[in-house]
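What's in run_22.cif: mmCIF, C-alpha atoms
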```cif
data_query
loop_
_atom_site.label_atom_id
_atom_site.label_comp_id
_atom_site.auth_asym_id
_atom_site.auth_seq_id
_atom_site.Cartn_x
_atom_site.Cartn_y
_atom_site.Cartn_z
CA ALA A 90 -57.49 -40.39 6.97
CA VAL A 91 -57.69 -43.10 9.60
CA ILE A 92 -57.47 -42.03 13.26
CA GLY A 93 -56.74 -44.58 15.95
CA THR A 94 -57.56 -43.99 19.59
CA SER A 95 -56.77 -45.99 22.69
CA ALA A 96 -59.54 -47.26 24.94
CA HIS A 97 -57.42 -46.58 28.04
CA ALA A 98 -55.43 -43.62 29.31
CA LEU A 99 -51.73 -43.96 30.11
CA GLU A 100 -51.25 -45.22 33.66
CA VAL A 101 -47.99 -44.88 35.60
CA GLY A 102 -48.21 -46.26 39.13
CA PRO A 103 -51.04 -44.48 40.95
CA ALA A 104 -51.28 -41.78 38.25
CA ARG A 105 -53.36 -41.80 35.07
CA PHE A 106 -52.59 -39.35 32.28
CA GLU A 107 -55.32 -38.29 29.88
CA GLY A 108 -56.29 -35.40 27.68
CA TRP A 109 -58.11 -34.28 24.59
CA ILE A 110 -57.80 -31.94 21.66
CA SER A 111 -60.37 -30.24 19.45
CA GLY A 112 -60.27 -28.02 16.41
CA GLY A 113 -62.09 -27.36 13.20
CA THR A 114 -63.20 -24.78 10.68
CA ILE A 115 -65.47 -21.75 10.91
CA SER A 116 -67.07 -19.70 8.16
CA GLY A 117 -69.52 -16.91 8.83
CA ALA A 118 -70.38 -13.23 8.98
CA PHE A 119 -71.17 -10.74 11.76
CA ASP A 120 -73.59 -8.49 9.88
CA PRO A 121 -75.01 -5.28 11.39
CA ASN A 122 -77.78 -3.45 9.57
CA VAL A 123 -77.22 -0.17 7.77
CA GLY A 124 -76.85 2.63 10.32
CA SER A 125 -75.38 0.42 13.03
CA PRO A 126 -72.27 1.75 14.84
CA PHE A 127 -70.64 -1.68 14.46
CA ALA A 128 -68.65 -2.91 11.47
CA ARG A 129 -69.24 -6.05 9.44
CA VAL A 130 -66.85 -8.91 10.27
CA GLU A 131 -66.27 -11.96 8.09
CA GLU A 132 -64.43 -15.08 9.16
CA ASP A 133 -63.18 -18.12 7.26
CA ARG A 134 -60.41 -20.11 8.93
CA VAL A 135 -59.16 -23.33 10.50
CA TYR A 136 -58.59 -23.10 14.25
CA LEU A 137 -57.48 -25.02 17.33
CA ARG A 138 -60.13 -24.68 20.05
CA HIS A 139 -58.87 -26.82 22.94
CA ALA A 140 -55.73 -28.77 23.78
CA ARG A 141 -55.58 -30.29 27.23
CA LEU A 142 -53.39 -32.69 29.14
CA GLY A 143 -54.36 -33.84 32.60
CA VAL A 144 -53.37 -36.24 35.33
CA ARG A 145 -55.42 -38.05 37.96
CA ALA A 146 -53.60 -39.69 40.85
CA ARG A 147 -54.56 -41.80 43.85
CA LEU A 148 -52.92 -40.44 47.00
CA PRO A 149 -52.62 -41.92 50.49
CA ASP A 150 -55.57 -41.90 52.88
CA LYS A 151 -58.13 -42.09 50.04
CA TRP A 152 -57.31 -38.64 48.61
CA ASN A 153 -57.42 -38.08 44.85
CA LEU A 154 -55.59 -35.45 42.82
CA ARG A 155 -56.66 -33.95 39.52
CA ALA A 156 -54.70 -31.36 37.52
CA GLU A 157 -55.11 -30.24 33.91
CA TRP A 158 -53.05 -27.96 31.69
CA SER A 159 -55.24 -26.23 29.12
CA HIS A 160 -54.44 -24.35 25.94
CA ASP A 161 -57.70 -22.71 24.84
CA ASP A 162 -57.97 -20.14 22.05
CA GLY A 163 -54.23 -19.44 22.21
CA VAL A 164 -54.04 -19.01 26.01
CA GLY A 165 -52.39 -21.56 28.28
CA ARG A 166 -53.29 -22.02 31.94
CA TRP A 167 -53.84 -24.58 34.68
CA ARG A 168 -57.46 -25.63 35.17
CA ASP A 169 -59.31 -28.03 37.47
CA VAL A 170 -56.41 -28.40 39.91
CA HIS A 171 -57.98 -29.89 43.03
CA LEU A 172 -57.91 -32.57 45.72
CA SER A 173 -60.95 -34.67 46.61
CA ARG A 174 -61.83 -37.33 49.17
CA GLY A 175 -64.91 -39.47 49.63
CA PHE A 176 -66.46 -40.24 53.02
CA ASP A 177 -69.89 -41.42 54.23
CA GLY A 178 -71.28 -41.37 50.69
CA MET A 179 -70.19 -37.75 50.12
CA THR A 180 -67.22 -36.14 48.36
CA PHE A 181 -65.22 -33.18 49.64
CA THR A 182 -63.21 -31.15 47.08
CA VAL A 183 -60.75 -28.28 47.54
CA GLY A 184 -58.92 -26.37 44.82
CA GLN A 185 -60.05 -24.99 41.48
CA LEU A 186 -63.41 -26.35 40.35
CA ARG A 187 -66.64 -25.41 38.61
CA GLU A 188 -69.37 -23.65 40.53
CA PRO A 189 -72.34 -25.97 41.15
CA PHE A 190 -74.98 -24.31 38.99
CA GLY A 191 -77.27 -26.07 36.55
CA ILE A 192 -76.66 -28.69 33.89
CA SER A 193 -74.59 -26.91 31.25
CA VAL A 194 -71.98 -25.37 33.59
CA LEU A 195 -71.18 -28.74 35.15
CA THR A 196 -71.05 -30.68 31.87
CA ALA A 197 -67.45 -31.38 30.85
CA VAL A 198 -66.40 -29.32 27.82
CA ARG A 199 -65.64 -32.40 25.74
CA ARG A 200 -69.18 -33.67 26.46
CA VAL A 201 -71.02 -30.45 25.53
CA THR A 202 -73.09 -31.28 22.44
CA GLU A 203 -73.19 -27.78 20.97
CA LEU A 204 -69.90 -26.21 19.91
CA GLU A 205 -70.28 -23.38 22.44
CA ARG A 206 -72.02 -23.11 25.79
CA ALA A 207 -75.15 -20.99 26.25
CA ALA A 208 -74.62 -17.20 26.34
CA PHE A 209 -75.81 -16.70 29.93
CA ILE A 210 -72.90 -18.77 31.29
CA GLY A 211 -70.26 -16.30 30.13
CA ALA A 212 -72.43 -13.25 30.78
CA PHE A 213 -73.04 -14.20 34.42
CA GLY A 214 -69.44 -15.23 35.14
CA LEU A 215 -70.21 -18.89 35.73
CA GLY A 216 -67.06 -20.98 35.57
CA ARG A 217 -64.09 -22.29 37.51
CA ARG A 218 -63.02 -20.68 40.77
CA HIS A 219 -60.90 -21.52 43.77
CA GLY A 220 -62.97 -22.96 46.56
CA VAL A 221 -64.27 -25.86 48.59
CA ALA A 222 -67.31 -28.01 47.82
CA LEU A 223 -69.27 -30.88 49.30
CA GLU A 224 -71.54 -33.12 47.24
CA ARG A 225 -73.62 -36.29 47.33
CA HIS A 226 -75.28 -38.18 44.47
CA GLY A 227 -77.58 -41.19 44.37
CA PRO A 228 -80.21 -42.92 42.20
CA ALA A 229 -82.95 -40.49 43.30
CA GLY A 230 -80.96 -37.26 42.94
CA GLY A 231 -78.16 -35.32 44.53
CA TRP A 232 -76.78 -31.99 45.69
CA LYS A 233 -73.59 -29.93 45.71
CA VAL A 234 -72.75 -26.78 47.69
CA GLY A 235 -69.59 -24.71 47.91
CA ALA A 236 -67.81 -21.47 48.75
CA PHE A 237 -65.61 -19.88 46.07
CA TRP A 238 -63.34 -16.91 45.37
CA ALA A 239 -61.45 -15.50 42.38
CA ASP A 240 -59.57 -12.41 41.20
CA ASP A 241 -59.45 -13.27 37.48
CA PHE A 242 -61.05 -10.55 35.33
CA GLU A 243 -62.02 -12.96 32.56
CA VAL A 244 -63.80 -15.23 35.05
CA ASN A 245 -65.61 -12.52 36.98
CA TYR A 246 -65.93 -9.62 34.55
CA ALA A 247 -65.76 -7.54 37.75
CA LEU A 248 -64.28 -4.09 37.12
CA PRO A 249 -62.10 -2.40 39.76
CA THR A 250 -62.83 0.84 41.56
CA GLY A 251 -59.21 0.88 42.74
CA PRO A 252 -55.76 -0.01 41.33
CA GLN A 253 -56.20 -3.81 41.50
CA ASP A 254 -58.62 -6.37 40.11
CA PRO A 255 -61.33 -6.96 42.70
CA LEU A 256 -61.52 -10.13 44.72
CA THR A 257 -64.91 -11.82 44.33
CA ARG A 258 -66.53 -14.29 46.70
CA ALA A 259 -69.47 -16.58 46.01
CA LEU A 260 -71.70 -19.12 47.71
CA ALA A 261 -73.36 -21.54 45.30
CA GLY A 262 -75.46 -24.67 45.46
CA ARG A 263 -77.45 -27.05 43.30
CA VAL A 264 -80.02 -29.73 44.11
CA TYR A 265 -81.68 -32.09 41.64
CA LEU A 266 -84.27 -34.86 41.91
CA GLN A 267 -84.74 -37.87 39.64
CA PRO A 268 -88.28 -39.12 40.31
CA VAL A 269 -87.91 -41.54 37.39
CA ASN A 270 -84.55 -43.27 36.98
CA THR A 271 -84.62 -46.62 35.19
CA ASP A 272 -82.46 -48.26 32.55
CA GLU A 273 -84.83 -46.92 29.89
CA THR A 274 -86.01 -43.54 31.20
CA LEU A 275 -84.64 -40.67 33.27
CA ILE A 276 -86.64 -37.62 34.37
CA GLN A 277 -84.79 -34.93 36.31
CA ILE A 278 -85.69 -31.55 37.79
CA GLY A 279 -83.47 -29.22 39.78
CA ALA A 280 -82.70 -25.77 41.09
CA SER A 281 -79.53 -23.73 41.66
CA MET A 282 -78.56 -20.50 43.39
CA ARG A 283 -75.44 -18.35 43.60
CA MET A 284 -74.81 -15.23 45.73
CA ARG A 285 -71.72 -13.20 44.83
CA ASP A 286 -69.97 -10.02 45.97
CA ALA A 287 -66.90 -8.08 44.82
CA GLU A 288 -64.37 -6.32 47.04
CA ASP A 289 -63.19 -2.93 45.65
CA GLY A 290 -65.17 -3.32 42.46
CA GLY A 291 -68.51 -4.01 40.82
CA PHE A 292 -70.01 -6.46 38.34
CA ALA A 293 -70.74 -5.86 34.68
CA TYR A 294 -72.35 -8.30 32.24
CA ARG A 295 -71.47 -8.93 28.61
CA ALA A 296 -72.01 -11.55 25.94
CA ARG A 297 -70.92 -12.15 22.39
CA PRO A 298 -73.03 -13.97 19.80
CA ALA A 299 -72.78 -17.75 19.97
CA ILE A 300 -69.88 -17.83 17.50
CA ARG A 301 -66.12 -17.55 17.95
CA PHE A 302 -65.64 -14.23 16.17
CA GLY A 303 -67.11 -10.73 16.05
CA PRO A 304 -67.03 -8.05 18.76
CA SER A 305 -68.74 -8.39 22.13
CA VAL A 306 -71.44 -5.78 21.47
CA ASN A 307 -73.92 -6.69 24.20
CA GLY A 308 -72.98 -5.41 27.65
CA THR A 309 -73.71 -3.27 30.68
CA PRO A 310 -71.60 -0.77 32.62
CA VAL A 311 -70.36 -1.59 36.12
CA LEU A 312 -73.35 -2.12 38.40
CA SER A 313 -73.24 -2.85 42.12
CA ASP A 314 -70.81 -5.14 43.96
CA ARG A 315 -73.44 -7.79 44.74
CA ASP A 316 -75.62 -10.04 42.59
CA THR A 317 -77.88 -13.06 43.05
CA LEU A 318 -78.46 -15.70 40.39
CA VAL A 319 -81.15 -18.39 40.53
CA GLY A 320 -81.95 -21.12 38.03
CA LEU A 321 -84.33 -23.99 37.31
CA GLU A 322 -83.47 -27.04 35.22
CA ALA A 323 -85.17 -30.06 33.67
CA LEU A 324 -83.88 -33.08 31.77
CA TYR A 325 -85.57 -36.01 30.04
CA ASN A 326 -83.56 -38.95 28.67
CA GLN A 327 -85.15 -41.98 27.02
CA GLY A 328 -83.44 -44.20 24.51
CA GLY A 329 -81.66 -42.02 21.99
CA LEU A 330 -83.62 -38.85 22.83
CA MET A 331 -82.45 -36.28 25.37
CA LEU A 332 -84.35 -33.04 26.11
CA ALA A 333 -83.01 -30.43 28.52
CA GLY A 334 -83.50 -26.81 29.47
CA GLU A 335 -82.55 -24.16 32.00
CA ILE A 336 -84.14 -20.83 33.01
CA THR A 337 -82.01 -18.32 34.90
CA ARG A 338 -82.63 -14.94 36.54
CA LEU A 339 -79.92 -12.57 37.78
CA GLU A 340 -80.54 -9.53 39.99
CA ASN A 341 -78.10 -6.68 40.60
CA ASP A 342 -78.99 -3.30 42.11
CA GLY A 343 -82.66 -3.69 41.14
CA PHE A 344 -81.90 -4.70 37.54
CA VAL A 345 -83.10 -8.14 36.35
CA ILE A 346 -81.37 -10.12 33.58
CA PRO A 347 -83.07 -13.35 32.44
CA GLY A 348 -81.49 -16.03 30.27
CA GLY A 349 -81.76 -19.68 29.41
CA TYR A 350 -81.99 -22.36 26.74
CA VAL A 351 -83.90 -25.41 25.57
CA ARG A 352 -82.15 -28.18 23.65
CA ALA A 353 -82.68 -31.60 22.11
CA ASN A 354 -80.31 -34.41 21.11
CA TRP A 355 -81.52 -37.45 19.14
CA PHE A 356 -79.50 -40.45 18.05
CA VAL A 357 -80.80 -41.64 14.69
CA THR A 358 -78.78 -44.84 15.03
CA PRO A 359 -80.62 -47.47 17.14
CA GLY A 360 -79.26 -48.55 20.50
CA ASP A 361 -77.22 -45.38 21.12
CA LYS A 362 -77.76 -42.79 23.85
CA ILE A 363 -76.06 -40.17 26.03
CA SER A 364 -75.30 -41.28 29.57
CA VAL A 365 -76.13 -39.10 32.59
CA ARG A 366 -73.87 -39.08 35.64
CA ALA A 367 -74.29 -36.91 38.75
CA GLY A 368 -77.15 -35.12 37.04
CA VAL A 369 -75.22 -33.98 33.94
CA PRO A 370 -74.72 -35.48 30.45
CA GLY A 371 -71.68 -37.69 30.09
CA ALA A 372 -70.10 -39.95 27.49
CA PRO A 373 -72.13 -41.53 24.67
CA GLU A 374 -73.09 -45.17 25.07
CA LEU A 375 -72.81 -46.68 21.59
CA ALA A 376 -74.11 -50.04 20.47
CA ARG A 377 -71.50 -50.32 17.67
CA PRO A 378 -68.38 -48.23 18.40
CA PHE A 379 -65.97 -47.44 15.60
CA GLY A 380 -63.03 -49.83 15.64
CA GLU A 381 -64.99 -52.52 17.47
CA GLY A 382 -66.90 -53.91 14.51
CA GLY A 383 -69.12 -50.87 13.98
CA TRP A 384 -69.20 -47.32 12.61
CA GLY A 385 -70.28 -45.45 15.74
CA GLY A 386 -73.47 -43.43 16.13
CA LEU A 387 -75.06 -40.42 14.45
CA ALA A 388 -76.96 -37.76 16.42
CA LEU A 389 -78.95 -34.66 15.47
CA TYR A 390 -79.17 -31.77 17.91
CA GLY A 391 -80.63 -28.30 18.25
CA ARG A 392 -80.72 -25.51 20.82
CA PHE A 393 -82.58 -22.22 21.24
CA GLU A 394 -81.10 -19.78 23.76
CA TRP A 395 -81.81 -16.28 24.99
CA LEU A 396 -80.27 -13.52 27.11
CA ASP A 397 -82.04 -10.21 27.81
CA LEU A 398 -80.01 -7.28 29.16
CA SER A 399 -82.68 -4.69 28.34
CA ASP A 400 -83.56 -3.95 31.97
CA ALA A 401 -80.00 -2.70 32.64
CA PRO A 402 -78.29 0.36 31.10
CA ALA A 403 -75.90 -0.07 28.19
CA ALA A 404 -72.16 0.37 28.50
CA PRO A 405 -70.61 3.04 26.23
CA GLY A 406 -70.29 1.70 22.71
CA ARG A 407 -72.40 -1.38 23.45
CA LEU A 408 -75.99 -2.53 23.30
CA ALA A 409 -77.91 -3.79 26.32
CA GLU A 410 -80.83 -5.57 24.76
CA ALA A 411 -82.20 -8.93 23.71
CA GLN A 412 -80.01 -11.65 22.29
CA THR A 413 -81.30 -14.93 20.86
CA ALA A 414 -79.54 -17.73 19.02
CA VAL A 415 -80.38 -21.01 17.33
CA GLN A 416 -77.89 -23.82 16.78
CA VAL A 417 -78.61 -26.98 14.79
CA GLY A 418 -76.09 -29.67 14.06
CA LEU A 419 -75.07 -33.23 13.35
CA THR A 420 -72.47 -35.22 15.29
CA TRP A 421 -70.80 -38.50 14.40
CA HIS A 422 -69.71 -40.27 17.60
CA GLY A 423 -67.09 -42.81 16.63
CA SER A 424 -66.67 -43.82 20.26
CA ASP A 425 -66.39 -42.02 23.58
CA LYS A 426 -62.90 -41.00 22.34
CA ILE A 427 -63.68 -39.35 19.01
CA ASN A 428 -66.48 -37.28 17.50
CA LEU A 429 -66.95 -34.95 14.56
CA SER A 430 -69.60 -32.20 14.47
CA LEU A 431 -71.12 -29.93 11.83
CA GLU A 432 -73.13 -26.99 13.24
CA TYR A 433 -75.03 -24.01 11.85
CA SER A 434 -75.58 -21.06 14.20
CA ASP A 435 -77.77 -17.97 13.77
CA ALA A 436 -77.64 -15.29 16.50
CA GLU A 437 -79.60 -12.03 16.58
CA LEU A 438 -79.16 -8.96 18.78
CA SER A 439 -81.67 -6.13 18.83
CA SER A 440 -82.00 -2.75 20.58
CA SER A 441 -85.16 -0.70 21.06
CA ALA A 442 -82.99 2.36 21.74
CA MET A 443 -81.07 1.85 18.46
CA PRO A 444 -83.55 0.24 16.04
CA ASN A 445 -81.03 0.31 13.17
CA ALA A 446 -78.46 -1.56 15.21
CA GLN A 447 -80.01 -5.00 14.85
CA ILE A 448 -77.22 -7.51 14.31
CA ASP A 449 -77.36 -10.89 12.63
CA ALA A 450 -74.45 -13.31 13.07
CA LYS A 451 -74.43 -16.55 11.11
CA SER A 452 -71.78 -19.25 11.01
CA LEU A 453 -71.11 -22.77 9.82
CA GLN A 454 -68.60 -24.71 11.91
CA THR A 455 -66.99 -28.11 11.98
CA ARG A 456 -65.13 -29.54 14.96
CA LEU A 457 -63.17 -32.74 15.58
CA ARG A 458 -62.60 -33.87 19.18
CA LEU A 459 -60.04 -36.54 20.10
CA VAL A 460 -59.74 -37.89 23.64
CA TYR A 461 -56.50 -39.66 24.58
#
```
Can you dump the structure from the file as structure tokens?
Amino acid sequence: AVIGTSAHALEVGPARFEGWISGGTISGAFDPNVGSPFARVEEDRVYLRHARLGVRARLPDKWNLRAEWSHDDGVGRWRDVHLSRGFDGMTFTVGQLREPFGISVLTAVRRVTELERAAFIGAFGLGRRHGVALERHGPAGGWKVGAFWADDFEVNYALPTGPQDPLTRALAGRVYLQPVNTDETLIQIGASMRMRDAEDGGFAYRARPAIRFGPSVNGTPVLSDRDTLVGLEALYNQGGLMLAGEITRLENDGFVIPGGYVRANWFVTPGDKISVRAGVPGAPELARPFGEGGWGGLALYGRFEWLDLSDAPAAPGRLAEAQTAVQVGLTWHGSDKINLSLEYSDAELSSSAMPNAQIDAKSLQTRLRLVY
């Protein structure tokens, strides 16, 4: 098949329409050991992962609008609906936006190298919320701070103590420095922090293996209504090689839950690299894009991640122990509009309280992303 993509989004007056779609195949097995209370799950299917259509518009008095309709895993909703305005080298944003925490959370989904984000992001409820934020970025680094709120169970995983889903509030901020920032080399270090509380409810923490099937077996009961999350980050980008990692630590009611990842991305084709903008990975910069006299670029990648819930109690019917996962893959970047990935994932969950409940989840996935 031949797939054509446009180099420009559709523009109508001050508005620009854009979007992207991704889907692929998955084949794997969620395999608990003999004696585990969980059942084996096998999966072999073709699926649609994301379908999004968005608009960006220039408004009077230097305001900008962004809105995006998203259909993810069979659920449709509005995402990233916000207004922003620049002034004095800073940008003010109000609406629905991502919390400023670390590298991976702030990386656009279509630019995430691995097929799924690290486990700690979902477990700690890091995502989009309603709020206000102020940020500034420059050649030596940048920062972003904001105040946020949400009452969406899937975002917070905050369980009610009353008849309604609890309202959660959060203060979050990120700062990063780039002591080396040249055309050839970028070195970046940073730190993030989020403080969160829930009204009429408390926080629980859960995570599924780094695959798109199988039960969510790792989780805690409802803990207290306040938690604090801190994180450190580092990134190195030179030529076609990018190395990055994050270490996080969450505290709730005296319980400590650590998590994190280390990852590498290497273009085997010369002259290609991943760009970095505002301290997060962006679009690939290809020496020979597909459709412009070349065949695009080829990149290898790998990630090791961990999440350890063992300090907290386990929710009924779940484990609350260590979870690790390894993902390795290969991506063909035709241009910044199209890429195709093949990824192998191996996740393991273990419990000292239930030694026979060790779980091994393996999968092989493909995914095609088209940006229009």
### Task
Just the residues within 8 Å of Phe190 (chain A), please, counting only C-alpha atoms, with nothing from its chain fewer than 5 positions along; format it as a VMD selection string.
chain A and resid 195 215 261 to 263 281 to 283 320
### Task
Dump as a list in words all residues having an atom at most 7 Å from (-72.2, -31.7, 21.4), computed in the file's coordinates with all atoms listed in the file.
Arg200, Val201, Thr202, Glu203 and Leu204 of chain A
Using all atoms listed in the file, I'd like a table of the residues in region 154-193 of chain A that come within 12 Å of region 369-391 of chain A; for each, show the closest atom pair and its distance in Å rounded to one decimal, ordered by chain and ascending number, as CSV.
```
residue,atom,partner,partner_atom,distance
A:Pro189,CA,A:Val369,CA,11.2
A:Phe190,CA,A:Val369,CA,10.9
A:Gly191,CA,A:Val369,CA,8.6
A:Ile192,CA,A:Val369,CA,5.5
A:Ser193,CA,A:Val369,CA,7.6
```
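Closest approach to Thr455 (chain A) among A:Gly230, A:Gly108, A:Gly117, A:Gly328: A:Gly117, based on all atoms listed in the file.
Using only C-alpha atoms, the shortest contact distance between Arg217 (chain A) and any of A:Pro255, A:Trp167, A:Gly175, A:Phe119 is found at A:Trp167.
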### Distance in Å - CA of Gln416 (chain A) versus CA of Phe393 (chain A)
6.7 Å
### Message
For a test of reading the model, state the distance in Å between CA of Ser434 (chain A) and CA of Ala450 (chain A), rounded to one decimal.
### Response
7.9 Å
